[in-house]
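J.: The structure file protein-v4.txt (compact mmCIF, C-alpha atoms) is provided below.
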# COMPACT_ATOMS: atom_id res chain seq x y z
CA MET A 1 -53.72 183.54 151.82
CA GLN A 2 -54.72 185.58 154.86
CA ASP A 3 -54.16 188.82 152.92
CA ASN A 4 -56.19 187.52 150.00
CA GLU A 5 -58.98 186.48 152.33
CA SER A 6 -59.08 189.93 153.94
CA ARG A 7 -59.18 191.55 150.51
CA TRP A 8 -61.99 189.28 149.29
CA LEU A 9 -63.84 189.82 152.53
CA ALA A 10 -63.58 193.60 152.14
CA LEU A 11 -64.77 193.34 148.54
CA ALA A 12 -67.67 191.09 149.51
CA GLN A 13 -68.71 193.50 152.26
CA ARG A 14 -68.88 196.26 149.66
CA GLY A 15 -71.33 194.08 147.75
CA ASP A 16 -68.88 192.84 145.11
CA PRO A 17 -70.04 189.35 143.97
CA GLU A 18 -66.58 188.49 142.66
CA GLY A 19 -65.07 188.91 146.13
CA PHE A 20 -67.69 186.65 147.64
CA THR A 21 -67.24 184.06 144.89
CA ARG A 22 -63.60 183.78 145.96
CA LEU A 23 -64.73 183.15 149.51
CA VAL A 24 -67.10 180.43 148.26
CA GLU A 25 -64.17 178.74 146.52
CA LEU A 26 -62.07 179.00 149.66
CA TYR A 27 -64.63 177.71 152.16
CA GLN A 28 -66.74 175.30 150.12
CA SER A 29 -65.11 172.20 151.60
CA PRO A 30 -65.37 173.11 155.31
CA VAL A 31 -68.98 174.20 154.88
CA TYR A 32 -69.90 171.15 152.80
CA ASN A 33 -68.16 168.81 155.24
CA LEU A 34 -70.07 170.27 158.20
CA CYS A 35 -73.36 169.98 156.30
CA TYR A 36 -72.59 166.41 155.28
CA ARG A 37 -71.66 165.36 158.83
CA MET A 38 -74.83 167.00 160.11
CA LEU A 39 -77.30 165.77 157.48
CA ASN A 40 -75.66 162.50 156.43
CA ASN A 41 -76.69 162.84 152.81
CA ALA A 42 -74.68 164.20 149.88
CA GLY A 43 -77.65 165.87 148.16
CA ASP A 44 -78.91 167.54 151.32
CA ALA A 45 -75.38 168.58 152.21
CA GLU A 46 -74.88 170.25 148.82
CA ASP A 47 -78.22 172.00 149.21
CA ALA A 48 -77.41 173.17 152.72
CA ALA A 49 -73.95 174.37 151.74
CA GLN A 50 -75.38 176.36 148.82
CA GLU A 51 -78.04 177.87 151.07
CA THR A 52 -75.40 178.73 153.68
CA PHE A 53 -73.43 180.76 151.15
CA LEU A 54 -76.57 182.47 149.89
CA ARG A 55 -77.53 183.48 153.42
CA ALA A 56 -74.00 184.62 154.15
CA TYR A 57 -73.95 186.68 150.93
CA GLN A 58 -77.20 188.37 151.88
CA SER A 59 -75.99 189.08 155.41
CA MET A 60 -72.48 190.27 154.51
CA LYS A 61 -73.26 193.85 155.50
CA ARG A 62 -74.17 192.64 159.00
CA TYR A 63 -70.97 190.59 159.38
CA ASP A 64 -68.90 191.74 162.35
CA ASN A 65 -65.25 191.98 161.31
CA SER A 66 -64.03 191.30 164.83
CA ARG A 67 -65.31 187.74 164.50
CA PRO A 68 -63.39 185.15 162.44
CA PHE A 69 -65.12 184.67 159.10
CA PRO A 70 -65.00 180.81 159.14
CA THR A 71 -66.65 180.75 162.57
CA TRP A 72 -69.42 183.02 161.32
CA LEU A 73 -69.88 181.01 158.13
CA LEU A 74 -69.94 177.65 159.91
CA SER A 75 -72.34 179.09 162.44
CA ILE A 76 -74.79 179.88 159.62
CA ALA A 77 -74.29 176.36 158.20
CA ALA A 78 -74.78 174.69 161.59
CA HIS A 79 -77.94 176.63 162.38
CA TYR A 80 -79.35 175.88 158.94
CA CYS A 81 -78.62 172.16 159.32
CA ILE A 82 -80.07 172.06 162.83
CA ASP A 83 -83.27 173.63 161.47
CA GLN A 84 -83.34 171.15 158.59
CA ILE A 85 -82.93 168.17 160.92
CA ARG A 86 -85.70 169.45 163.15
CA LYS A 87 -87.97 170.10 160.18
CA ARG A 88 -87.43 166.89 158.32
CA ARG A 89 -86.93 164.67 161.35
CA ILE A 90 -84.34 162.69 159.50
CA ALA A 91 -84.50 159.03 160.37
CA ILE A 92 -81.31 157.43 161.56
CA VAL A 93 -79.80 155.74 158.55
CA SER A 94 -78.22 152.37 159.15
CA MET A 95 -74.62 151.83 158.19
CA GLU A 96 -75.57 149.60 155.26
CA ASP A 97 -77.79 152.29 153.77
CA MET A 98 -75.08 154.92 153.79
CA PRO A 99 -74.95 156.77 150.45
CA HIS A 100 -71.67 156.67 148.59
CA ILE A 101 -70.10 159.98 147.66
CA GLU A 102 -66.87 160.64 145.83
CA LEU A 103 -63.94 162.13 147.66
CA ALA A 104 -62.30 164.86 145.68
CA ASP A 105 -58.80 164.20 146.98
CA GLU A 106 -58.63 160.42 146.78
CA THR A 107 -58.47 157.76 144.08
CA PRO A 108 -58.67 154.58 146.13
CA GLY A 109 -58.79 150.99 144.93
CA PRO A 110 -61.87 148.78 145.50
CA GLU A 111 -60.78 147.41 148.88
CA SER A 112 -59.70 150.79 150.11
CA THR A 113 -63.02 152.28 148.95
CA VAL A 114 -65.00 149.66 150.83
CA SER A 115 -62.91 150.13 153.94
CA ARG A 116 -63.22 153.91 153.68
CA ARG A 117 -66.97 153.64 153.23
CA GLU A 118 -67.23 151.39 156.26
CA GLU A 119 -65.18 153.83 158.31
CA ARG A 120 -67.35 156.72 157.20
CA GLY A 121 -70.43 154.66 157.90
CA LYS A 122 -69.23 154.02 161.44
CA VAL A 123 -68.50 157.69 162.02
CA GLN A 124 -71.83 158.81 160.57
CA GLY A 125 -73.62 156.14 162.57
CA LEU A 126 -72.11 157.57 165.73
CA LEU A 127 -72.88 161.16 164.78
CA ASP A 128 -76.48 160.24 164.01
CA THR A 129 -77.03 159.11 167.57
CA LEU A 130 -76.35 162.66 168.80
CA SER A 131 -78.76 165.58 169.00
CA PRO A 132 -78.29 168.16 166.20
CA ILE A 133 -76.53 170.71 168.44
CA ASP A 134 -74.25 168.08 170.00
CA ARG A 135 -73.43 166.83 166.51
CA ALA A 136 -72.51 170.34 165.36
CA ALA A 137 -70.32 170.80 168.44
CA VAL A 138 -68.54 167.48 167.80
CA VAL A 139 -67.89 168.30 164.13
CA MET A 140 -66.53 171.73 165.04
CA TYR A 141 -64.33 170.29 167.78
CA TYR A 142 -62.90 167.25 165.97
CA TRP A 143 -62.77 168.40 162.34
CA TYR A 144 -62.07 172.11 162.65
CA GLU A 145 -60.36 172.07 166.05
CA PHE A 146 -62.50 174.96 167.26
CA SER A 147 -61.95 176.02 170.84
CA TYR A 148 -64.83 175.81 173.31
CA GLU A 149 -65.24 179.59 173.00
CA GLU A 150 -65.47 179.41 169.22
CA ILE A 151 -68.02 176.59 169.39
CA GLY A 152 -70.00 178.64 171.88
CA GLN A 153 -69.89 181.65 169.54
CA ALA A 154 -70.93 179.60 166.55
CA LEU A 155 -73.80 177.79 168.26
CA ASP A 156 -74.91 180.58 170.63
CA LEU A 157 -74.02 178.54 173.70
CA THR A 158 -72.29 179.41 176.94
CA LEU A 159 -68.86 177.93 177.67
CA SER A 160 -70.27 175.57 180.27
CA ALA A 161 -73.02 174.47 177.89
CA VAL A 162 -70.41 173.62 175.23
CA LYS A 163 -68.38 171.59 177.73
CA SER A 164 -71.45 169.81 178.97
CA ARG A 165 -72.66 169.00 175.44
CA LEU A 166 -69.26 167.66 174.37
CA HIS A 167 -69.02 165.63 177.56
CA ARG A 168 -72.42 164.10 176.88
CA ALA A 169 -71.61 163.52 173.20
CA ARG A 170 -68.34 161.71 174.02
CA GLN A 171 -70.10 159.53 176.53
CA SER A 172 -72.88 158.72 174.11
CA MET A 173 -70.47 157.93 171.26
CA ALA A 174 -68.25 155.75 173.45
CA GLU A 175 -71.24 153.78 174.73
CA GLU A 176 -72.62 153.39 171.22
CA TRP A 177 -69.22 152.26 169.93
CA GLU A 178 -68.94 149.68 172.67
CA LYS A 179 -72.46 148.45 172.04
CA ARG A 180 -71.77 148.05 168.33
CA ASN A 181 -68.51 146.25 169.00
CA GLN A 182 -70.34 143.83 171.25
CA GLN A 183 -73.01 143.28 168.59
CA THR A 184 -70.31 142.66 165.96
CA GLN A 185 -68.57 140.15 168.23
CA TYR A 186 -71.87 138.43 168.93
CA ALA A 187 -72.72 138.30 165.22
CA THR A 188 -69.27 136.88 164.42
CA ARG A 189 -69.70 134.18 167.06
CA GLU A 190 -73.16 133.38 165.67
CA ASN A 191 -71.81 133.07 162.13
CA HIS A 192 -68.95 130.95 163.35
CA GLY A 193 -71.45 128.68 165.11
CA LYS A 194 -73.56 128.36 161.94
CA VAL A 195 -70.55 127.37 159.86
CA GLN A 196 -69.59 124.78 162.47
CA SER A 197 -73.09 123.36 162.91
CA PRO A 198 -73.18 121.01 159.87
CA ALA A 199 -70.27 119.08 161.36
CA PHE A 200 -72.25 118.24 164.47
CA MET B 1 -68.40 146.70 190.58
CA ALA B 2 -71.22 148.38 192.45
CA LYS B 3 -68.93 149.47 195.24
CA TYR B 4 -67.17 151.93 192.93
CA ASN B 5 -68.45 155.40 192.36
CA HIS B 6 -67.79 155.80 188.61
CA GLN B 7 -69.04 159.37 188.28
CA PRO B 8 -65.81 161.35 188.96
CA PHE B 9 -63.76 158.99 186.78
CA GLU B 10 -66.23 159.23 183.91
CA ASP B 11 -66.24 163.02 184.25
CA TRP B 12 -62.44 163.15 184.01
CA VAL B 13 -62.46 160.86 180.98
CA TYR B 14 -65.24 162.57 179.04
CA SER B 15 -64.43 166.18 179.88
CA ARG B 16 -61.00 165.82 178.20
CA GLU B 17 -59.59 168.48 180.48
CA THR B 18 -56.25 168.35 182.25
CA ILE B 19 -56.44 166.62 185.60
CA SER B 20 -54.04 166.79 188.53
CA PRO B 21 -51.38 164.07 189.02
CA GLN B 22 -53.31 162.75 192.04
CA GLU B 23 -56.48 162.50 190.00
CA GLU B 24 -54.55 160.82 187.18
CA LEU B 25 -53.21 158.25 189.62
CA ALA B 26 -56.68 157.62 191.05
CA LEU B 27 -58.05 157.20 187.54
CA GLN B 28 -55.35 154.70 186.57
CA GLU B 29 -55.98 152.70 189.74
CA HIS B 30 -59.69 152.70 189.06
CA LEU B 31 -59.19 151.59 185.46
CA GLN B 32 -57.06 148.66 186.58
CA GLU B 33 -59.89 147.41 188.72
CA CYS B 34 -62.97 148.48 186.75
CA LYS B 35 -63.34 146.69 183.40
CA ASN B 36 -66.46 148.64 182.56
CA CYS B 37 -64.73 152.03 182.75
CA LEU B 38 -61.66 150.66 181.01
CA SER B 39 -63.67 149.46 178.04
CA LEU B 40 -65.41 152.85 177.85
CA VAL B 41 -62.06 154.65 177.87
CA GLU B 42 -60.82 152.37 175.11
CA ALA B 43 -64.03 152.90 173.15
CA LEU B 44 -63.72 156.67 173.48
CA HIS B 45 -60.11 156.50 172.33
CA GLU B 46 -61.13 154.49 169.25
CA VAL B 47 -63.99 156.89 168.53
CA GLU B 48 -61.67 159.89 168.71
CA VAL B 49 -59.08 158.22 166.48
CA CYS B 50 -61.83 157.42 164.00
CA LEU B 51 -63.21 160.97 164.06
CA LYS B 52 -59.81 162.55 163.64
CA SER B 53 -58.86 160.25 160.78
CA GLU B 54 -61.96 161.18 158.78
CA PRO B 55 -61.11 163.66 156.02
CA VAL B 56 -62.83 166.96 155.32
CA LEU B 57 -65.21 166.07 152.50
CA SER B 58 -65.39 168.24 149.41
CA PRO B 59 -68.43 168.84 147.23
CA THR B 60 -68.46 167.61 143.65
CA PRO B 61 -66.57 169.89 141.22
CA GLY B 62 -68.40 172.98 139.98
CA PHE B 63 -69.80 173.97 143.36
CA THR B 64 -69.02 177.67 142.86
CA ALA B 65 -70.61 177.75 139.40
CA ARG B 66 -73.72 176.08 140.80
CA TRP B 67 -73.79 178.64 143.60
CA GLN B 68 -73.57 181.51 141.11
CA THR B 69 -76.46 180.03 139.11
CA ARG B 70 -78.49 179.66 142.27
CA LEU B 71 -77.76 183.25 143.30
CA ALA B 72 -78.83 184.51 139.87
CA GLU B 73 -82.04 182.45 140.08
CA LYS B 74 -82.76 183.77 143.54
CA ASN B 75 -82.21 187.37 142.41
CA THR B 76 -84.54 186.83 139.43
CA ARG B 77 -87.18 185.35 141.71
CA ARG B 78 -86.83 188.28 144.11
CA GLN B 79 -87.16 190.81 141.29
CA LYS B 80 -90.25 189.02 139.97
CA ARG B 81 -91.75 188.98 143.45
CA GLN B 82 -91.04 192.69 143.88
CA THR B 83 -92.63 193.46 140.51
CA VAL B 84 -95.71 191.41 141.35
CA ASN B 85 -95.94 193.09 144.76
CA PHE B 86 -95.62 196.53 143.18
CA VAL B 87 -98.29 195.81 140.57
CA LEU B 88 -100.59 194.33 143.21
CA PHE B 89 -100.04 197.22 145.61
CA THR B 90 -100.56 199.84 142.89
CA GLY B 91 -103.61 198.03 141.49
CA VAL B 92 -105.27 197.50 144.85
CA GLY B 93 -104.40 201.04 145.93
CA GLY B 94 -105.79 202.48 142.70
CA VAL B 95 -109.03 200.53 142.98
CA ALA B 96 -109.37 201.53 146.64
CA LEU B 97 -108.83 205.20 145.79
CA LEU B 98 -111.31 205.00 142.95
CA ALA B 99 -113.88 203.39 145.23
CA LEU B 100 -113.30 206.10 147.82
CA LEU B 101 -113.63 208.79 145.19
CA VAL B 102 -116.87 207.31 143.92
CA VAL B 103 -118.27 207.20 147.47
CA PHE B 104 -117.41 210.84 148.14
CA MET B 105 -118.42 212.09 144.68
CA TRP B 106 -121.61 210.09 144.55
CA PRO B 107 -123.95 213.12 145.24
CA ILE B 108 -122.16 215.07 142.49
CA ILE B 109 -122.31 212.18 140.06
CA ARG B 110 -126.02 211.80 140.69
CA SER B 111 -126.84 215.54 140.14
CA PRO B 112 -123.86 217.35 138.57
CA TYR B 113 -125.47 220.72 137.60
CA PRO B 114 -125.22 222.59 140.94
CA PHE B 115 -121.62 221.44 141.21
CA LEU B 116 -120.77 222.55 137.67
CA LEU B 117 -122.32 225.97 138.32
CA ALA B 118 -120.31 226.36 141.52
CA MET B 119 -117.15 225.34 139.63
CA VAL B 120 -117.76 227.94 136.89
CA TYR B 121 -118.36 230.58 139.54
CA GLU B 122 -115.10 229.68 141.39
CA ILE B 123 -113.05 229.64 138.17
CA THR B 124 -114.42 233.02 137.17
CA LEU B 125 -113.53 234.43 140.58
CA ILE B 126 -109.98 233.08 140.36
CA TYR B 127 -109.57 234.46 136.83
CA LEU B 128 -110.76 237.90 137.95
CA PHE B 129 -108.43 237.85 140.94
CA LEU B 130 -105.43 236.90 138.82
CA THR B 131 -106.19 239.57 136.21
CA THR B 132 -106.45 242.26 138.87
CA PHE B 133 -103.27 241.06 140.58
CA THR B 134 -101.32 241.06 137.28
CA GLN B 135 -102.51 244.57 136.40
CA ALA B 136 -101.45 245.83 139.82
CA GLY B 137 -98.01 244.17 139.50
CA ILE B 138 -97.41 245.64 136.06
CA THR B 139 -98.30 249.09 137.36
CA VAL B 140 -95.88 248.73 140.33
CA LEU B 141 -93.02 247.53 138.07
CA ARG B 142 -93.54 250.37 135.59
CA THR B 143 -93.41 252.88 138.43
CA MET B 144 -90.21 251.30 139.83
CA PHE B 145 -88.49 251.28 136.43
CA SER B 146 -89.23 254.93 135.96
CA VAL B 147 -87.96 255.85 139.48
CA VAL B 148 -84.89 253.52 139.97
CA PRO B 149 -81.96 254.13 137.51
CA GLY B 150 -80.77 251.31 135.19
CA VAL B 151 -77.29 251.02 136.84
CA VAL B 152 -78.89 249.97 140.13
CA TRP B 153 -80.88 247.23 138.36
CA VAL B 154 -77.75 245.89 136.68
CA SER B 155 -75.78 245.80 139.96
CA VAL B 156 -78.67 244.09 141.77
CA LEU B 157 -78.83 241.45 139.04
CA ILE B 158 -75.05 240.84 139.18
CA THR B 159 -75.11 240.53 142.99
CA MET B 160 -78.03 238.10 142.86
CA GLY B 161 -76.27 236.00 140.18
CA GLY B 162 -73.08 235.86 142.27
CA LEU B 163 -75.00 234.80 145.35
CA ILE B 164 -76.78 232.05 143.40
CA ALA B 165 -73.46 230.76 141.98
CA LEU B 166 -71.95 230.75 145.49
CA TRP B 167 -74.92 228.86 146.87
CA LEU B 168 -74.73 226.28 144.08
CA PHE B 169 -70.98 225.76 144.70
CA ALA B 170 -71.47 225.36 148.45
CA PHE B 171 -74.34 222.95 147.88
CA GLN B 172 -72.25 220.84 145.52
CA ARG B 173 -69.38 220.63 148.03
CA LEU B 174 -71.81 219.64 150.72
CA VAL B 175 -73.48 216.92 148.68
CA TYR B 176 -70.36 215.51 147.00
CA PRO B 177 -67.50 215.87 149.53
CA ARG B 178 -64.02 215.24 148.21
CA ARG B 179 -62.95 211.63 148.88
CA VAL B 180 -59.92 211.13 151.06
CA ILE B 181 -57.91 208.03 150.16
CA VAL B 182 -56.08 206.63 153.17
Would you write the structure of this file as structure tokens?
T.:
Amino acid sequence: MQDNESRWLALAQRGDPEGFTRLVELYQSPVYNLCYRMLNNAGDAEDAAQETFLRAYQSMKRYDNSRPFPTWLLSIAAHYCIDQIRKRRIAIVSMEDMPHIELADETPGPESTVSRREERGKVQGLLDTLSPIDRAAVVMYYWYEFSYEEIGQALDLTLSAVKSRLHRARQSMAEEWEKRNQQTQYATRENHGKVQSPAF
Amino acid sequence: MAKYNHQPFEDWVYSRETISPQEELALQEHLQECKNCLSLVEALHEVEVCLKSEPVLSPTPGFTARWQTRLAEKNTRRQKRQTVNFVLFTGVGGVALLALLVVFMWPIIRSPYPFLLAMVYEITLIYLFLTTFTQAGITVLRTMFSVVPGVVWVSVLITMGGLIALWLFAFQRLVYPRRVIV
């Protein structure tokens, strides 16, 4: 795979569209996933992923071979998504309003689908509380297992800035999670009380 | 609760970096006593489990084909834009040049006769000069042909031809160097 990637990369750098098309096939999921986690919308994510590959294709001659290609590609995607978030000022979508998108690798039953959607809703809800750059850092760290250096390279941040942003993001997500858990418990107690009330 | 300083413990928890055994012990002791920090640690753990269990999402099938279509559309748009820019630039440039020409030629356009007379005079002068120059050249060549023998002319022509061929060959090698395949 690594050999193929190098060959396609070399072809793409010489301006061969076929070589770049192979790279699109290879990296479409990581790029799309990052865009989806950043933008929280399937349509916008598709658009951003397409735009990322177009920008990468146009900048292939400027690509520095000493840098890992996925880092470079995801860096373009992250910067594009950050710009989009800033431009559109996307409102935080509540968990109930989460759009449903199909997973290519799963064929779940109804219960599993609901549970999966809830899980994804929770995750997206947490990510939405973060600033765009913190969100990109979290996605790169937890989904792609990028090192702090790689995240710094991709987002044009210093090592200490990456650490500080991840620290802040973890704290924010943990606090948000706890807050939501408390709200859920409170709502459950309320419902329980309402069910009981006719008996009194 | 207020008597605890939570900051170092929170830093250790959220930085996710390796801490010393002493620090680990201090953290565990703190967590046993501080419910607030304990619940945050548990929340962070649940968040991380949730994040790591989320799959990498894939786009709907046909992503690459859609990308190729988009690339083709973008290229078409770019070509159209370039054509429009070229036409605009040429048109505006042409009109500007024409306007400039009209401004400079305006005295001539208004009264063209003195200009036409001057032109006829200049053309006649050039014609006379060329005729004289040609006559002189023909005379020189005739004299040279009668003085220099034919063998010398032939050898000069061959030498010149060889030099031109050599120059052409060198130029070709310079422009199209042989490719070295590594």
J.: What would the list of residues within 9 Å of (-68.3, 179.0, 167.4) (file frame) look like as a PyMOL selection string, if all atoms listed in the file are what count?
T.: chain A and resi 71-72+74-75+137+140+146-157
J.: Hey, list the chain A side of the contact with chain B: 6 Å cut-off, only C-alpha atoms, answer as a VMD selection string.
T.: chain A and resid 29 33 50 104 167 170 174 178
J.: For those residues, write C-alpha atoms to a file as a PDB file, in the coordinates of the input.
T.:
ATOM      1  CA  SER A  29     -65.110 172.200 151.600  1.00  0.00           C
ATOM      2  CA  ASN A  33     -68.160 168.810 155.240  1.00  0.00           C
ATOM      3  CA  GLN A  50     -75.380 176.360 148.820  1.00  0.00           C
ATOM      4  CA  ALA A 104     -62.300 164.860 145.680  1.00  0.00           C
ATOM      5  CA  HIS A 167     -69.020 165.630 177.560  1.00  0.00           C
ATOM      6  CA  ARG A 170     -68.340 161.710 174.020  1.00  0.00           C
ATOM      7  CA  ALA A 174     -68.250 155.750 173.450  1.00  0.00           C
ATOM      8  CA  GLU A 178     -68.940 149.680 172.670  1.00  0.00           C
TER       9      GLU A 178
END
J.: Quick one, how far is CA of Gly19 in chain A from CA of Asn4 in chain A?
T.: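 CA of Gly19 in chain A sits 9.8 Å away from CA of Asn4 in chain A.
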J.: Work out how far CA of Val31 in chain A is from CA of Val139 in chain A, in Å to one decimal.
T.: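 Taking CA of Val139 in chain A and CA of Val31 in chain A, their separation equals 11.0 Å.
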J.: If we count all atoms listed in the file and set the cut-off at 9 Å, which residues sit around Arg165 in chain A, ignoring sequence neighbours fewer than 3 positions away in its own chain? Please answer as a PyMOL selection string.
T.: chain A and resi 133-134+137-138+160-162+168-170
J.: Considering all atoms listed in the file, can you say which of A:Val24, A:Leu54, A:Met60, A:Met38 comes closest to Leu127 in chain A?
T.: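 Ranked by minimum distance to Leu127 in chain A, first place goes to A:Met38.
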J.: To one decimal in Å, tell me the separation between CA of Asp44 in chain A and CA of Tyr63 in chain A.
T.: 25.7 Å
